[in-house]
Each structure stands twice: as C-alpha cells, then as structure tokens.
$ cat work.pdb   # PDB, N, CA and C atoms
ATOM      1  N   MET A   1     130.147   3.001  36.360
ATOM      2  CA  MET A   1     128.899   2.980  35.645
ATOM      3  C   MET A   1     127.854   3.870  36.343
ATOM      4  N   GLN A   2     127.787   3.799  37.666
ATOM      5  CA  GLN A   2     126.863   4.654  38.411
ATOM      6  C   GLN A   2     127.230   6.123  38.227
ATOM      7  N   ARG A   3     128.502   6.387  38.211
ATOM      8  CA  ARG A   3     128.991   7.761  38.045
ATOM      9  C   ARG A   3     128.529   8.336  36.712
ATOM     10  N   ASP A   4     128.634   7.538  35.642
ATOM     11  CA  ASP A   4     128.192   7.992  34.323
ATOM     12  C   ASP A   4     126.693   8.291  34.310
ATOM     13  N   GLU A   5     125.921   7.436  34.955
ATOM     14  CA  GLU A   5     124.478   7.620  35.030
ATOM     15  C   GLU A   5     124.134   8.894  35.806
ATOM     16  N   LEU A   6     124.837   9.138  36.920
ATOM     17  CA  LEU A   6     124.626  10.361  37.701
ATOM     18  C   LEU A   6     124.974  11.606  36.891
ATOM     19  N   ASP A   7     126.080  11.561  36.163
ATOM     20  CA  ASP A   7     126.484  12.691  35.336
ATOM     21  C   ASP A   7     125.456  12.972  34.239
ATOM     22  N   ARG A   8     124.957  11.920  33.599
ATOM     23  CA  ARG A   8     123.965  12.068  32.542
ATOM     24  C   ARG A   8     122.672  12.662  33.112
ATOM     25  N   THR A   9     122.259  12.185  34.263
ATOM     26  CA  THR A   9     121.043  12.684  34.908
ATOM     27  C   THR A   9     121.207  14.145  35.312
ATOM     28  N   ARG A  10     122.369  14.502  35.824
ATOM     29  CA  ARG A  10     122.642  15.892  36.204
ATOM     30  C   ARG A  10     122.566  16.813  34.994
ATOM     31  N   ILE A  11     123.124  16.388  33.886
ATOM     32  CA  ILE A  11     123.099  17.197  32.655
ATOM     33  C   ILE A  11     121.660  17.362  32.160
ATOM     34  N   GLU A  12     120.884  16.290  32.187
ATOM     35  CA  GLU A  12     119.472  16.367  31.782
ATOM     36  C   GLU A  12     118.697  17.325  32.681
ATOM     37  N   LEU A  13     118.962  17.256  33.973
ATOM     38  CA  LEU A  13     118.289  18.141  34.923
ATOM     39  C   LEU A  13     118.664  19.602  34.669
ATOM     40  N   GLU A  14     119.941  19.873  34.440
ATOM     41  CA  GLU A  14     120.384  21.239  34.154
ATOM     42  C   GLU A  14     119.750  21.765  32.874
ATOM     43  N   ASN A  15     119.644  20.913  31.856
ATOM     44  CA  ASN A  15     119.015  21.322  30.595
ATOM     45  C   ASN A  15     117.535  21.630  30.800
ATOM     46  N   SER A  16     116.846  20.796  31.572
ATOM     47  CA  SER A  16     115.425  21.022  31.846
ATOM     48  C   SER A  16     115.224  22.320  32.617
ATOM     49  N   LEU A  17     116.059  22.555  33.606
ATOM     50  CA  LEU A  17     115.965  23.777  34.402
ATOM     51  C   LEU A  17     116.220  25.007  33.540
ATOM     52  N   SER A  18     117.187  24.920  32.670
ATOM     53  CA  SER A  18     117.511  26.030  31.784
ATOM     54  C   SER A  18     116.346  26.318  30.835
ATOM     55  N   MET A  19     115.720  25.270  30.308
ATOM     56  CA  MET A  19     114.585  25.443  29.412
ATOM     57  C   MET A  19     113.392  26.056  30.169
ATOM     58  N   TYR A  20     113.129  25.581  31.382
ATOM     59  CA  TYR A  20     112.047  26.136  32.201
ATOM     60  C   TYR A  20     112.300  27.616  32.475
ATOM     61  N   ALA A  21     113.519  27.950  32.850
ATOM     62  CA  ALA A  21     113.852  29.345  33.162
ATOM     63  C   ALA A  21     113.637  30.236  31.942
ATOM     64  N   ALA A  22     114.022  29.763  30.772
ATOM     65  CA  ALA A  22     113.836  30.546  29.547
ATOM     66  C   ALA A  22     112.351  30.707  29.235
ATOM     67  N   LEU A  23     111.574  29.640  29.393
ATOM     68  CA  LEU A  23     110.130  29.719  29.135
ATOM     69  C   LEU A  23     109.466  30.707  30.090
ATOM     70  N   TYR A  24     109.843  30.662  31.351
ATOM     71  CA  TYR A  24     109.280  31.561  32.363
ATOM     72  C   TYR A  24     109.689  33.001  32.076
ATOM     73  N   ASP A  25     110.968  33.201  31.865
ATOM     74  CA  ASP A  25     111.496  34.552  31.686
ATOM     75  C   ASP A  25     110.973  35.253  30.449
ATOM     76  N   PHE A  26     110.876  34.527  29.353
ATOM     77  CA  PHE A  26     110.537  35.162  28.080
ATOM     78  C   PHE A  26     109.086  34.948  27.656
ATOM     79  N   ALA A  27     108.255  34.478  28.557
ATOM     80  CA  ALA A  27     106.827  34.308  28.249
ATOM     81  C   ALA A  27     106.231  35.668  27.905
ATOM     82  N   PRO A  28     105.264  35.704  26.994
ATOM     83  CA  PRO A  28     104.650  36.983  26.619
ATOM     84  C   PRO A  28     103.674  37.514  27.672
ATOM     85  N   VAL A  29     103.472  36.764  28.738
ATOM     86  CA  VAL A  29     102.570  37.149  29.826
ATOM     87  C   VAL A  29     103.421  37.434  31.061
ATOM     88  N   GLY A  30     103.040  38.432  31.824
ATOM     89  CA  GLY A  30     103.778  38.744  33.043
ATOM     90  C   GLY A  30     103.472  37.736  34.138
ATOM     91  N   TYR A  31     104.500  37.160  34.721
ATOM     92  CA  TYR A  31     104.345  36.195  35.818
ATOM     93  C   TYR A  31     105.055  36.694  37.060
ATOM     94  N   LEU A  32     104.383  36.542  38.188
ATOM     95  CA  LEU A  32     104.985  36.798  39.492
ATOM     96  C   LEU A  32     104.780  35.547  40.325
ATOM     97  N   THR A  33     105.806  35.093  40.989
ATOM     98  CA  THR A  33     105.686  33.973  41.910
ATOM     99  C   THR A  33     105.611  34.568  43.307
ATOM    100  N   LEU A  34     104.495  34.274  43.993
ATOM    101  CA  LEU A  34     104.254  34.868  45.307
ATOM    102  C   LEU A  34     104.379  33.839  46.413
ATOM    103  N   GLY A  35     104.782  34.307  47.589
ATOM    104  CA  GLY A  35     104.761  33.489  48.788
ATOM    105  C   GLY A  35     103.415  33.645  49.478
ATOM    106  N   ARG A  36     103.217  32.887  50.519
ATOM    107  CA  ARG A  36     101.953  32.914  51.275
ATOM    108  C   ARG A  36     101.605  34.322  51.759
ATOM    109  N   ASP A  37     102.616  35.111  52.088
ATOM    110  CA  ASP A  37     102.421  36.469  52.613
ATOM    111  C   ASP A  37     102.313  37.522  51.502
ATOM    112  N   SER A  38     102.198  37.084  50.266
ATOM    113  CA  SER A  38     102.108  37.890  49.045
ATOM    114  C   SER A  38     103.442  38.522  48.649
ATOM    115  N   LYS A  39     104.530  38.127  49.304
ATOM    116  CA  LYS A  39     105.836  38.656  48.895
ATOM    117  C   LYS A  39     106.229  38.067  47.546
ATOM    118  N   ILE A  40     106.743  38.920  46.686
ATOM    119  CA  ILE A  40     107.169  38.495  45.359
ATOM    120  C   ILE A  40     108.504  37.762  45.504
ATOM    121  N   GLN A  41     108.508  36.504  45.096
ATOM    122  CA  GLN A  41     109.713  35.684  45.175
ATOM    123  C   GLN A  41     110.471  35.667  43.857
ATOM    124  N   GLN A  42     109.719  35.728  42.767
ATOM    125  CA  GLN A  42     110.314  35.663  41.438
ATOM    126  C   GLN A  42     109.407  36.407  40.478
ATOM    127  N   THR A  43     109.983  36.958  39.441
ATOM    128  CA  THR A  43     109.209  37.653  38.418
ATOM    129  C   THR A  43     109.880  37.440  37.066
ATOM    130  N   ASN A  44     109.080  37.403  36.028
ATOM    131  CA  ASN A  44     109.692  37.253  34.711
ATOM    132  C   ASN A  44     109.916  38.628  34.086
ATOM    133  N   LEU A  45     110.591  38.623  32.933
ATOM    134  CA  LEU A  45     110.942  39.884  32.290
ATOM    135  C   LEU A  45     109.712  40.671  31.853
ATOM    136  N   THR A  46     108.683  39.980  31.384
ATOM    137  CA  THR A  46     107.471  40.665  30.937
ATOM    138  C   THR A  46     106.814  41.408  32.097
ATOM    139  N   ALA A  47     106.740  40.784  33.257
ATOM    140  CA  ALA A  47     106.142  41.446  34.423
ATOM    141  C   ALA A  47     106.932  42.686  34.812
ATOM    142  N   THR A  48     108.237  42.603  34.773
ATOM    143  CA  THR A  48     109.042  43.772  35.140
ATOM    144  C   THR A  48     108.836  44.904  34.133
ATOM    145  N   LYS A  49     108.695  44.545  32.859
ATOM    146  CA  LYS A  49     108.436  45.574  31.845
ATOM    147  C   LYS A  49     107.055  46.191  32.034
ATOM    148  N   LEU A  50     106.057  45.344  32.277
ATOM    149  CA  LEU A  50     104.692  45.856  32.473
ATOM    150  C   LEU A  50     104.605  46.782  33.676
ATOM    151  N   LEU A  51     105.299  46.417  34.739
ATOM    152  CA  LEU A  51     105.264  47.228  35.959
ATOM    153  C   LEU A  51     106.257  48.387  35.916
ATOM    154  N   GLY A  52     107.237  48.289  35.015
ATOM    155  CA  GLY A  52     108.235  49.338  34.903
ATOM    156  C   GLY A  52     109.185  49.389  36.082
ATOM    157  N   VAL A  53     109.435  48.215  36.687
ATOM    158  CA  VAL A  53     110.279  48.146  37.877
ATOM    159  C   VAL A  53     111.307  47.030  37.699
ATOM    160  N   ASP A  54     112.525  47.288  38.100
ATOM    161  CA  ASP A  54     113.583  46.290  38.024
ATOM    162  C   ASP A  54     113.289  45.116  38.952
ATOM    163  N   ARG A  55     113.705  43.928  38.545
ATOM    164  CA  ARG A  55     113.487  42.717  39.349
ATOM    165  C   ARG A  55     113.982  42.845  40.777
ATOM    166  N   SER A  56     115.145  43.419  40.924
ATOM    167  CA  SER A  56     115.732  43.508  42.264
ATOM    168  C   SER A  56     114.856  44.332  43.205
ATOM    169  N   ARG A  57     114.107  45.268  42.684
ATOM    170  CA  ARG A  57     113.209  46.077  43.524
ATOM    171  C   ARG A  57     111.909  45.349  43.815
ATOM    172  N   LEU A  58     111.489  44.476  42.882
ATOM    173  CA  LEU A  58     110.239  43.741  43.083
ATOM    174  C   LEU A  58     110.403  42.574  44.048
ATOM    175  N   ARG A  59     111.521  41.888  43.978
ATOM    176  CA  ARG A  59     111.734  40.726  44.853
ATOM    177  C   ARG A  59     111.682  41.143  46.316
ATOM    178  N   GLY A  60     110.852  40.418  47.048
ATOM    179  CA  GLY A  60     110.708  40.702  48.474
ATOM    180  C   GLY A  60     109.609  41.701  48.792
ATOM    181  N   MET A  61     109.129  42.403  47.776
ATOM    182  CA  MET A  61     108.034  43.357  47.978
ATOM    183  C   MET A  61     106.716  42.578  48.067
ATOM    184  N   ARG A  62     105.824  43.049  48.894
ATOM    185  CA  ARG A  62     104.491  42.434  48.960
ATOM    186  C   ARG A  62     103.688  42.887  47.749
ATOM    187  N   PHE A  63     103.232  41.923  46.972
ATOM    188  CA  PHE A  63     102.430  42.219  45.793
ATOM    189  C   PHE A  63     101.189  43.015  46.173
ATOM    190  N   LYS A  64     100.682  42.752  47.347
ATOM    191  CA  LYS A  64      99.485  43.429  47.838
ATOM    192  C   LYS A  64      99.649  44.956  47.807
ATOM    193  N   ARG A  65     100.859  45.428  47.937
ATOM    194  CA  ARG A  65     101.103  46.876  47.917
ATOM    195  C   ARG A  65     100.869  47.482  46.542
ATOM    196  N   LEU A  66     100.845  46.638  45.509
ATOM    197  CA  LEU A  66     100.603  47.113  44.150
ATOM    198  C   LEU A  66      99.133  46.998  43.758
ATOM    199  N   VAL A  67      98.339  46.383  44.637
ATOM    200  CA  VAL A  67      96.936  46.065  44.347
ATOM    201  C   VAL A  67      96.020  47.076  45.038
ATOM    202  N   VAL A  68      94.918  47.442  44.351
ATOM    203  CA  VAL A  68      93.960  48.370  44.963
ATOM    204  C   VAL A  68      93.404  47.730  46.239
ATOM    205  N   PRO A  69      93.190  48.513  47.294
ATOM    206  CA  PRO A  69      92.750  47.965  48.583
ATOM    207  C   PRO A  69      91.487  47.107  48.505
ATOM    208  N   GLU A  70      90.548  47.473  47.648
ATOM    209  CA  GLU A  70      89.312  46.692  47.581
ATOM    210  C   GLU A  70      89.511  45.280  47.018
ATOM    211  N   ASP A  71      90.674  44.995  46.439
ATOM    212  CA  ASP A  71      90.961  43.651  45.927
ATOM    213  C   ASP A  71      91.868  42.834  46.850
ATOM    214  N   HIS A  72      92.259  43.383  47.982
ATOM    215  CA  HIS A  72      93.133  42.667  48.915
ATOM    216  C   HIS A  72      92.508  41.353  49.390
ATOM    217  N   GLN A  73      91.213  41.359  49.670
ATOM    218  CA  GLN A  73      90.559  40.132  50.148
ATOM    219  C   GLN A  73      90.573  39.042  49.085
ATOM    220  N   LEU A  74      90.402  39.423  47.823
ATOM    221  CA  LEU A  74      90.484  38.442  46.734
ATOM    222  C   LEU A  74      91.850  37.779  46.710
ATOM    223  N   LEU A  75      92.892  38.593  46.816
ATOM    224  CA  LEU A  75      94.254  38.070  46.806
ATOM    225  C   LEU A  75      94.511  37.186  48.022
ATOM    226  N   ASP A  76      94.071  37.634  49.190
ATOM    227  CA  ASP A  76      94.240  36.837  50.413
ATOM    228  C   ASP A  76      93.547  35.479  50.290
ATOM    229  N   ALA A  77      92.337  35.480  49.731
ATOM    230  CA  ALA A  77      91.579  34.232  49.576
ATOM    231  C   ALA A  77      92.283  33.287  48.609
ATOM    232  N   LEU A  78      92.818  33.829  47.536
ATOM    233  CA  LEU A  78      93.549  32.991  46.576
ATOM    234  C   LEU A  78      94.772  32.363  47.226
ATOM    235  N   LEU A  79      95.550  33.179  47.915
ATOM    236  CA  LEU A  79      96.771  32.657  48.552
ATOM    237  C   LEU A  79      96.435  31.616  49.612
ATOM    238  N   GLU A  80      95.369  31.837  50.354
ATOM    239  CA  GLU A  80      94.928  30.868  51.357
ATOM    240  C   GLU A  80      94.583  29.534  50.691
ATOM    241  N   THR A  81      93.836  29.592  49.607
ATOM    242  CA  THR A  81      93.452  28.379  48.880
ATOM    243  C   THR A  81      94.673  27.641  48.357
ATOM    244  N   VAL A  82      95.561  28.377  47.735
ATOM    245  CA  VAL A  82      96.752  27.762  47.124
ATOM    246  C   VAL A  82      97.656  27.141  48.184
ATOM    247  N   PHE A  83      97.909  27.860  49.263
ATOM    248  CA  PHE A  83      98.883  27.373  50.241
ATOM    249  C   PHE A  83      98.302  26.439  51.289
ATOM    250  N   THR A  84      97.036  26.567  51.629
ATOM    251  CA  THR A  84      96.437  25.714  52.655
ATOM    252  C   THR A  84      95.835  24.454  52.059
ATOM    253  N   LYS A  85      95.034  24.635  51.028
ATOM    254  CA  LYS A  85      94.353  23.499  50.411
ATOM    255  C   LYS A  85      95.167  22.847  49.303
ATOM    256  N   ARG A  86      96.271  23.519  48.930
ATOM    257  CA  ARG A  86      97.141  23.011  47.860
ATOM    258  C   ARG A  86      96.366  22.821  46.560
ATOM    259  N   GLU A  87      95.455  23.752  46.287
ATOM    260  CA  GLU A  87      94.644  23.731  45.077
ATOM    261  C   GLU A  87      95.019  24.936  44.217
ATOM    262  N   PRO A  88      95.032  24.751  42.903
ATOM    263  CA  PRO A  88      95.297  25.905  42.040
ATOM    264  C   PRO A  88      94.120  26.867  42.087
ATOM    265  N   GLY A  89      94.383  28.096  41.796
ATOM    266  CA  GLY A  89      93.324  29.092  41.796
ATOM    267  C   GLY A  89      93.687  30.248  40.883
ATOM    268  N   ILE A  90      92.729  31.086  40.656
ATOM    269  CA  ILE A  90      92.944  32.255  39.801
ATOM    270  C   ILE A  90      92.049  33.391  40.293
ATOM    271  N   CYS A  91      92.544  34.598  40.188
ATOM    272  CA  CYS A  91      91.710  35.764  40.484
ATOM    273  C   CYS A  91      92.268  36.944  39.709
ATOM    274  N   GLU A  92      91.420  37.892  39.446
ATOM    275  CA  GLU A  92      91.842  39.124  38.789
ATOM    276  C   GLU A  92      91.820  40.236  39.818
ATOM    277  N   VAL A  93      92.893  40.991  39.856
ATOM    278  CA  VAL A  93      92.966  42.140  40.755
ATOM    279  C   VAL A  93      93.371  43.364  39.943
ATOM    280  N   LYS A  94      92.979  44.499  40.426
ATOM    281  CA  LYS A  94      93.358  45.758  39.786
ATOM    282  C   LYS A  94      94.619  46.287  40.485
ATOM    283  N   LEU A  95      95.520  46.788  39.680
ATOM    284  CA  LEU A  95      96.740  47.373  40.235
ATOM    285  C   LEU A  95      96.558  48.867  40.411
ATOM    286  N   LEU A  96      97.223  49.397  41.397
ATOM    287  CA  LEU A  96      97.234  50.843  41.599
ATOM    288  C   LEU A  96      97.931  51.493  40.409
ATOM    289  N   ALA A  97      97.387  52.549  39.892
ATOM    290  CA  ALA A  97      97.908  53.181  38.684
ATOM    291  C   ALA A  97      99.350  53.646  38.837
ATOM    292  N   ASP A  98      99.687  54.189  39.977
ATOM    293  CA  ASP A  98     101.033  54.749  40.141
ATOM    294  C   ASP A  98     101.879  53.986  41.147
ATOM    295  N   ALA A  99     101.478  52.778  41.491
ATOM    296  CA  ALA A  99     102.188  52.017  42.525
ATOM    297  C   ALA A  99     103.606  51.662  42.121
ATOM    298  N   ALA A 100     103.841  51.508  40.836
ATOM    299  CA  ALA A 100     105.165  51.080  40.389
ATOM    300  C   ALA A 100     106.113  52.248  40.150
ATOM    301  N   GLN A 101     105.658  53.458  40.384
ATOM    302  CA  GLN A 101     106.531  54.611  40.212
ATOM    303  C   GLN A 101     107.633  54.583  41.278
ATOM    304  N   PRO A 102     108.870  54.911  40.906
ATOM    305  CA  PRO A 102     109.986  54.853  41.862
ATOM    306  C   PRO A 102     109.719  55.595  43.161
ATOM    307  N   SER A 103     109.059  56.736  43.116
ATOM    308  CA  SER A 103     108.801  57.485  44.347
ATOM    309  C   SER A 103     107.860  56.730  45.258
ATOM    310  N   LYS A 104     106.905  55.992  44.694
ATOM    311  CA  LYS A 104     105.974  55.209  45.495
ATOM    312  C   LYS A 104     106.665  53.974  46.063
ATOM    313  N   LEU A 105     107.540  53.342  45.269
ATOM    314  CA  LEU A 105     108.219  52.132  45.729
ATOM    315  C   LEU A 105     109.116  52.422  46.923
ATOM    316  N   SER A 106     109.714  53.583  46.947
ATOM    317  CA  SER A 106     110.603  53.888  48.064
ATOM    318  C   SER A 106     109.809  54.057  49.374
ATOM    319  N   GLN A 107     108.518  54.308  49.253
ATOM    320  CA  GLN A 107     107.677  54.442  50.444
ATOM    321  C   GLN A 107     107.140  53.095  50.915
ATOM    322  N   MET A 108     107.314  52.051  50.113
ATOM    323  CA  MET A 108     106.738  50.750  50.429
ATOM    324  C   MET A 108     107.692  49.972  51.260
TER     325      MET A 108
END
$ encode --input "work.pdb" --output "structure tokens"
Amino acid sequence: MQRDELDRTRIELENSLSMYAALYDFAPVGYLTLGRDSKIQQTNLTATKLLGVDRSRLRGMRFKRLVVPEDHQLLDALLETVFTKREPGICEVKLLADAAQPSKLSQM
C-alpha cells in the first residue's frame, strides 16, 4: 500500500515538473535564472531567441557581461536583496547592443 502511494506521488511530481518546465520554456517573456554571482543557470526559449544565443552558450555566462556598465550596480543590488534578504525584487537594465554577437561571446 505504501509502495502504491509512493508511485502515485512520484507520477504527480513528474507531471507537475513537466508542466512547470513547459510553462517556463514556452512563456512569451524571456526568463533567465541567475545565481548570486549573476551567472546564468537556466534560460527559456524566448530569452535565447531574444538574445540570439544558444542555451548552451548562455549557461554559465555572467549576465552582467550582457548589461551596460552603468546598470551593473542595479543588478548587484537586486541579487544582493534576493539572495541575502530572501526578498523578491525587480529592476530594469539595458543590454549591450552587440553583446550577444558570437564574436563578442567568444571574448567573454
């Protein structure tokens, strides 16, 4: 009986995870999941299309490298708030116009 309950719970969890992944991946808004150091941990399909860069190249890259230098402090403050105070936050940053070009990425 416990085994059946565990199997049912596992299936429900897998279904929920699959639904979350689809919602994240196919959202009409570009999403990037960042670590404390601004490294990109995950990105959805819309973000990769907007940036014109394959996921494999974005993962592990510091998002800060795509942001104009004058907005670095805004990004740092947001990440500090989110990771230290465990509070949600939002900020708008400007991206470098040519940062996502393959020649620029190879220099990052």
$ resolve_selection --input "work.pdb" --expression "the PyMOL selection byres (((chain A and resi 42 and name CA) around 12) and name CA)" --output "ChimeraX atom specification"
/A:21,24-25,30-35,38-41,43-48,54-63
$ select_by_dssp --input "work.pdb" --residues "chain A" --states "strand (DSSP E or B)" --output "PyMOL selection string"
chain A and resi 32-34+39-43+62+67+95
$ atom_distance --input "work.pdb" --atom1 "atom CA of Val68 of chain A" --atom2 "atom CA of Val93 of chain A"
7.6 Å
$ select_by_dssp --input "work.pdb" --residues "chain A" --states "alpha helix (DSSP H)" --output "ChimeraX atom specification"
/A:2-25,45-51,55-58,72-84,102-105
$ residues_around --input "work.pdb" --residues "Leu95 of chain A" --least-positions-apart "4" --cutoff "12 Å" --atoms "only C-alpha atoms" --output "JSON, numbers by chain"
{"A": [50, 51, 63, 64, 65, 66, 67, 68, 69, 70, 71, 72, 75, 99, 100]}
$ atom_distance --input "work.pdb" --atom1 "atom N of Val82 of chain A" --atom2 "atom N of Val29 of chain A"
22.2 Å
$ atom_distance --input "work.pdb" --atom1 "atom C of Ile90 of chain A" --atom2 "atom N of Leu78 of chain A"
7.3 Å
$ axis_aligned_box --input "work.pdb" --around "segment 10-13 of chain A" --padding-each-side "3 Å" --output "AutoDock Vina command-line options"
--center_x 120.7 --center_y 17.1 --center_z 34.0 --size_x 10.8 --size_y 11.1 --size_z 10.4
$ decode --input "work.pdb" --residues "segment 52-78 of chain A" --atoms "C-alpha atoms" --output "PDB file, in the first residue's frame"
ATOM      1  CA  GLY A  52      20.110  35.295 -30.438  1.00  0.00           C
ATOM      2  CA  VAL A  53      22.318  32.889 -28.493  1.00  0.00           C
ATOM      3  CA  ASP A  54      22.024  29.147 -27.954  1.00  0.00           C
ATOM      4  CA  ARG A  55      21.253  27.980 -24.407  1.00  0.00           C
ATOM      5  CA  SER A  56      24.479  26.065 -24.105  1.00  0.00           C
ATOM      6  CA  ARG A  57      26.453  29.281 -24.667  1.00  0.00           C
ATOM      7  CA  LEU A  58      24.371  31.283 -22.191  1.00  0.00           C
ATOM      8  CA  ARG A  59      24.529  28.800 -19.316  1.00  0.00           C
ATOM      9  CA  GLY A  60      27.376  29.660 -17.009  1.00  0.00           C
ATOM     10  CA  MET A  61      27.900  33.094 -18.552  1.00  0.00           C
ATOM     11  CA  ARG A  62      27.650  36.080 -16.231  1.00  0.00           C
ATOM     12  CA  PHE A  63      24.543  38.025 -17.176  1.00  0.00           C
ATOM     13  CA  LYS A  64      26.395  41.151 -16.120  1.00  0.00           C
ATOM     14  CA  ARG A  65      28.528  40.809 -19.256  1.00  0.00           C
ATOM     15  CA  LEU A  66      25.417  41.459 -21.351  1.00  0.00           C
ATOM     16  CA  VAL A  67      24.424  44.539 -19.324  1.00  0.00           C
ATOM     17  CA  VAL A  68      25.646  48.106 -19.895  1.00  0.00           C
ATOM     18  CA  PRO A  69      28.262  49.010 -17.236  1.00  0.00           C
ATOM     19  CA  GLU A  70      26.186  51.829 -15.757  1.00  0.00           C
ATOM     20  CA  ASP A  71      23.491  49.284 -14.779  1.00  0.00           C
ATOM     21  CA  HIS A  72      25.840  46.828 -13.028  1.00  0.00           C
ATOM     22  CA  GLN A  73      25.122  48.346  -9.600  1.00  0.00           C
ATOM     23  CA  LEU A  74      21.371  47.927 -10.124  1.00  0.00           C
ATOM     24  CA  LEU A  75      21.865  44.257 -10.925  1.00  0.00           C
ATOM     25  CA  ASP A  76      24.238  43.753  -7.985  1.00  0.00           C
ATOM     26  CA  ALA A  77      21.736  45.383  -5.608  1.00  0.00           C
ATOM     27  CA  LEU A  78      18.907  43.187  -6.870  1.00  0.00           C
TER      28      LEU A  78
END
